[in-house]
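Participant: Provided herewith is a single structure, encoded as structure tokens, for subsequent inquiry.
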Amino acid sequence: MEIINVGRVVDHSLLLLSLTDRAPALAAPSVPHPDARPLGERVGTWARAQGLVLGDPDASPLGRARCDRLAARVFPTAALDRVELVSRWLTWAFTLDDTLDETPLGGSATAVLGLYEDLLASVRRGHARPGARPLESTLVDLWRATVPGMSRDWRRRFLLHMEEHRAGCAEEAVTRRTGDAPTLSGYPAQRRRSAAPFLFDLVEPALGVELPARLTTAPPWKTLLEGTADLVAWSNDVASHAREAERGGAHNHVTVLAAAYGFESAQAAGWVVDRMAHRAADVAAAARTLDADLDRFRFTAEERAVTARVARVLLDVPRAHLDWLTESGRYRAAVEQPWEAPPLRPRKRKRPQPVEEVAQVPVEKVPQPPVEMSQPQPDRKPRGLLDVLESLD
């Protein structure tokens, strides 16, 4: 699909605020870990010592990202050393992302595959090569700090998700080289592959638990996990669209939708946010159906409790990510850094606006692209596994 001119580059991230009114699952603001304040300096010092952040941290999107704040919002009650470990993994993943986005290496699928093969090989042999780049040596250190206590099944699942990420990054490289946008139907799965799916596996070592292997292949669990990944990736696409559009990037949901329907970027961003509202309803519905799978597999009380703890984190991740986007400087220019937005807070519930109104586009000018997700569900009393999740709060 050829990229079309999507008009003036505009920051559409404020559209994300409407989701706190339109999606019940995203209404409650996240609460950061009460003891996480020192993590910012510690993780920043570590990133510089590892060679991931060079020079003035405020001069680069990675240095301004404040990954510690995202981890602190996702894991408000976890052990602080585990929150710091997740912060380091996020920093590493963003470093890899920036390496592929901002250097010539990212325009060659062959080079991307070669880089990733070096990374995976270092994990398999247990040490980095002499003189290896910081991405490789840091990955080995993170792997060593993460895997103690985790089973062979978990390690295999994590590495398989890294292989998926490798494939997704190579697909992005082809997009960068050709300048063609992915198809609208194929984009969600492709975006999940390129959005570091292994990061979701870190929920288990962060909590000190491990999911039953038979659960991870159950359809409702996959829907919950993939839906969570979509919400995070698509909100990231909206927030980062202005930066990526300036570079001519095509691998962004806003750009893909604009190319598919001839939208201006404001229209496309509005439709992405609309699809996110539908996707949030899909995730909540999947959580409600998990009980049937737990009964079918005859899970023990302990296995149910583990499942509930991990599911609770996954359900909280999208709102934590939205709150982090308001305080992170990753997608803002360095000169904007003195400003720091407060966390998103739920506003008084009101009738949801149609996406055309949110995007400030006349209704008669907006084609009606198919929405593949189910309609948002009305507020209702949680049932089944969600009752267990509420009891954990």
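Chain labels A, B, ... are given in the sequence in which chains occur in the structure tokens; within each chain residues are numbered consecutively from 1, and ligands are likewise numbered from 1 in the order shown.
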So which residues touch range 135-141 of chain A within 12 Å, counting only C-alpha atoms, skipping near sequence neighbours fewer than 6 positions away, as a PyMOL selection string?
Facilitator: chain A and resi 46-53+85+88-100+115-129+147+162
Participant: Could the residues in this selection be saved with C-alpha atoms as a PDB file, in the first residue's frame?
Facilitator:
```
ATOM      1  CA  TRP A  46      22.765   2.189  35.110  1.00  0.00           C
ATOM      2  CA  ALA A  47      21.775   3.068  31.513  1.00  0.00           C
ATOM      3  CA  ARG A  48      24.715   5.451  31.176  1.00  0.00           C
ATOM      4  CA  ALA A  49      27.138   2.937  32.704  1.00  0.00           C
ATOM      5  CA  GLN A  50      25.936   0.288  30.238  1.00  0.00           C
ATOM      6  CA  GLY A  51      26.441   2.629  27.290  1.00  0.00           C
ATOM      7  CA  LEU A  52      22.733   2.702  26.418  1.00  0.00           C
ATOM      8  CA  VAL A  53      22.358   6.448  27.057  1.00  0.00           C
ATOM      9  CA  LEU A  85      14.562  -4.916  36.789  1.00  0.00           C
ATOM     10  CA  ARG A  88      15.964  -1.854  32.903  1.00  0.00           C
ATOM     11  CA  TRP A  89      14.296  -4.223  30.453  1.00  0.00           C
ATOM     12  CA  LEU A  90      12.116  -1.368  29.175  1.00  0.00           C
ATOM     13  CA  THR A  91      15.195   0.815  28.753  1.00  0.00           C
ATOM     14  CA  TRP A  92      16.928  -1.943  26.805  1.00  0.00           C
ATOM     15  CA  ALA A  93      13.875  -2.489  24.572  1.00  0.00           C
ATOM     16  CA  PHE A  94      13.605   1.247  23.812  1.00  0.00           C
ATOM     17  CA  THR A  95      17.330   1.337  23.050  1.00  0.00           C
ATOM     18  CA  LEU A  96      16.874  -1.424  20.492  1.00  0.00           C
ATOM     19  CA  ASP A  97      13.832   0.353  19.065  1.00  0.00           C
ATOM     20  CA  ASP A  98      15.761   3.617  18.667  1.00  0.00           C
ATOM     21  CA  THR A  99      18.706   1.799  17.102  1.00  0.00           C
ATOM     22  CA  LEU A 100      16.411   0.408  14.428  1.00  0.00           C
ATOM     23  CA  LEU A 115      21.777  -7.981  14.806  1.00  0.00           C
ATOM     24  CA  TYR A 116      19.019  -9.930  16.483  1.00  0.00           C
ATOM     25  CA  GLU A 117      20.748 -13.245  15.821  1.00  0.00           C
ATOM     26  CA  ASP A 118      23.811 -11.907  17.654  1.00  0.00           C
ATOM     27  CA  LEU A 119      21.596 -10.914  20.575  1.00  0.00           C
ATOM     28  CA  LEU A 120      19.866 -14.294  20.801  1.00  0.00           C
ATOM     29  CA  ALA A 121      23.140 -16.175  20.394  1.00  0.00           C
ATOM     30  CA  SER A 122      24.609 -14.321  23.357  1.00  0.00           C
ATOM     31  CA  VAL A 123      21.677 -15.396  25.521  1.00  0.00           C
ATOM     32  CA  ARG A 124      21.984 -19.029  24.428  1.00  0.00           C
ATOM     33  CA  ARG A 125      25.712 -19.269  25.181  1.00  0.00           C
ATOM     34  CA  GLY A 126      25.401 -17.226  28.375  1.00  0.00           C
ATOM     35  CA  HIS A 127      27.877 -14.440  27.614  1.00  0.00           C
ATOM     36  CA  ALA A 128      28.453 -11.615  25.184  1.00  0.00           C
ATOM     37  CA  ARG A 129      31.198 -11.683  22.580  1.00  0.00           C
ATOM     38  CA  VAL A 147      15.696 -16.292  34.850  1.00  0.00           C
ATOM     39  CA  MET A 162      11.971 -12.553  21.176  1.00  0.00           C
TER      40      MET A 162
END
```
Participant: Got a sec: who's within 8 Å of Arg73 in chain A, counting only C-alpha atoms, leaving out chain neighbours fewer than 5 positions off, as JSON, numbers by chain?
Facilitator: {"A": [30, 31, 32, 33, 320, 321, 324]}
Participant: Selection from above, N, CA and C atoms, as a short mmCIF file (atom, residue, chain, number, x, y, z; two decimals), in the first residue's frame, can you write it?
Facilitator:
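The resulting part_4.cif:
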```
data_model
loop_
_atom_site.label_atom_id
_atom_site.label_comp_id
_atom_site.auth_asym_id
_atom_site.auth_seq_id
_atom_site.Cartn_x
_atom_site.Cartn_y
_atom_site.Cartn_z
N SER A 30 -3.92 5.03 37.17
CA SER A 30 -2.95 4.15 37.80
C SER A 30 -2.30 4.85 38.98
N VAL A 31 -1.82 4.05 39.92
CA VAL A 31 -1.16 4.57 41.12
C VAL A 31 0.26 4.03 41.14
N PRO A 32 1.28 4.89 41.10
CA PRO A 32 2.65 4.38 41.06
C PRO A 32 3.09 3.76 42.38
N HIS A 33 4.11 2.96 42.30
CA HIS A 33 4.71 2.34 43.49
C HIS A 33 5.13 3.44 44.46
N ALA A 320 -2.02 2.36 32.83
CA ALA A 320 -0.70 2.76 33.32
C ALA A 320 0.13 3.36 32.19
N HIS A 321 0.02 2.77 31.01
CA HIS A 321 0.76 3.26 29.85
C HIS A 321 0.26 4.64 29.44
N TRP A 324 1.64 7.11 31.85
CA TRP A 324 3.07 7.31 31.60
C TRP A 324 3.30 8.22 30.39
#
```
Participant: Do you have the CA of Arg192 in chain A-CA of Cys169 in chain A distance handy?
Facilitator: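 Separation between CA of Arg192 in chain A and CA of Cys169 in chain A: 10.5 Å.
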Participant: Kindly give the distance, in Å, that separates CA of Ala281 in chain A and CA of Glu226 in chain A, rounded to a single decimal.
Facilitator: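 Result for CA of Ala281 in chain A versus CA of Glu226 in chain A: 12.9 Å, one decimal.
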Participant: From a DSSP pass on the backbone, collect the residues of range 53-268 of chain A flagged as alpha helix (DSSP H) and hand them back as JSON, numbers by chain.
Facilitator: {"A": [61, 62, 63, 64, 67, 68, 69, 70, 71, 72, 73, 74, 80, 81, 82, 83, 84, 85, 86, 87, 88, 89, 90, 91, 92, 93, 94, 95, 96, 97, 98, 99, 100, 101, 102, 109, 110, 111, 112, 113, 114, 115, 116, 117, 118, 119, 120, 121, 122, 123, 124, 125, 134, 135, 136, 137, 138, 139, 140, 141, 142, 143, 144, 145, 146, 152, 153, 154, 155, 156, 157, 158, 159, 160, 161, 162, 163, 164, 165, 166, 167, 168, 169, 170, 171, 172, 173, 174, 175, 176, 177, 178, 187, 188, 189, 190, 191, 192, 193, 194, 203, 204, 205, 206, 207, 219, 220, 221, 222, 223, 224, 225, 226, 227, 228, 229, 230, 231, 232, 233, 234, 235, 236, 237, 238, 239, 240, 241, 242, 243, 244, 245, 246, 253, 254, 255, 256, 257, 258, 259, 260, 261, 265, 266, 267, 268]}
Participant: Using only C-alpha atoms, which of A:Arg304, A:Arg296, A:Lys222, A:Arg309 sits nearest Val283 in chain A?
Facilitator: A:Lys222
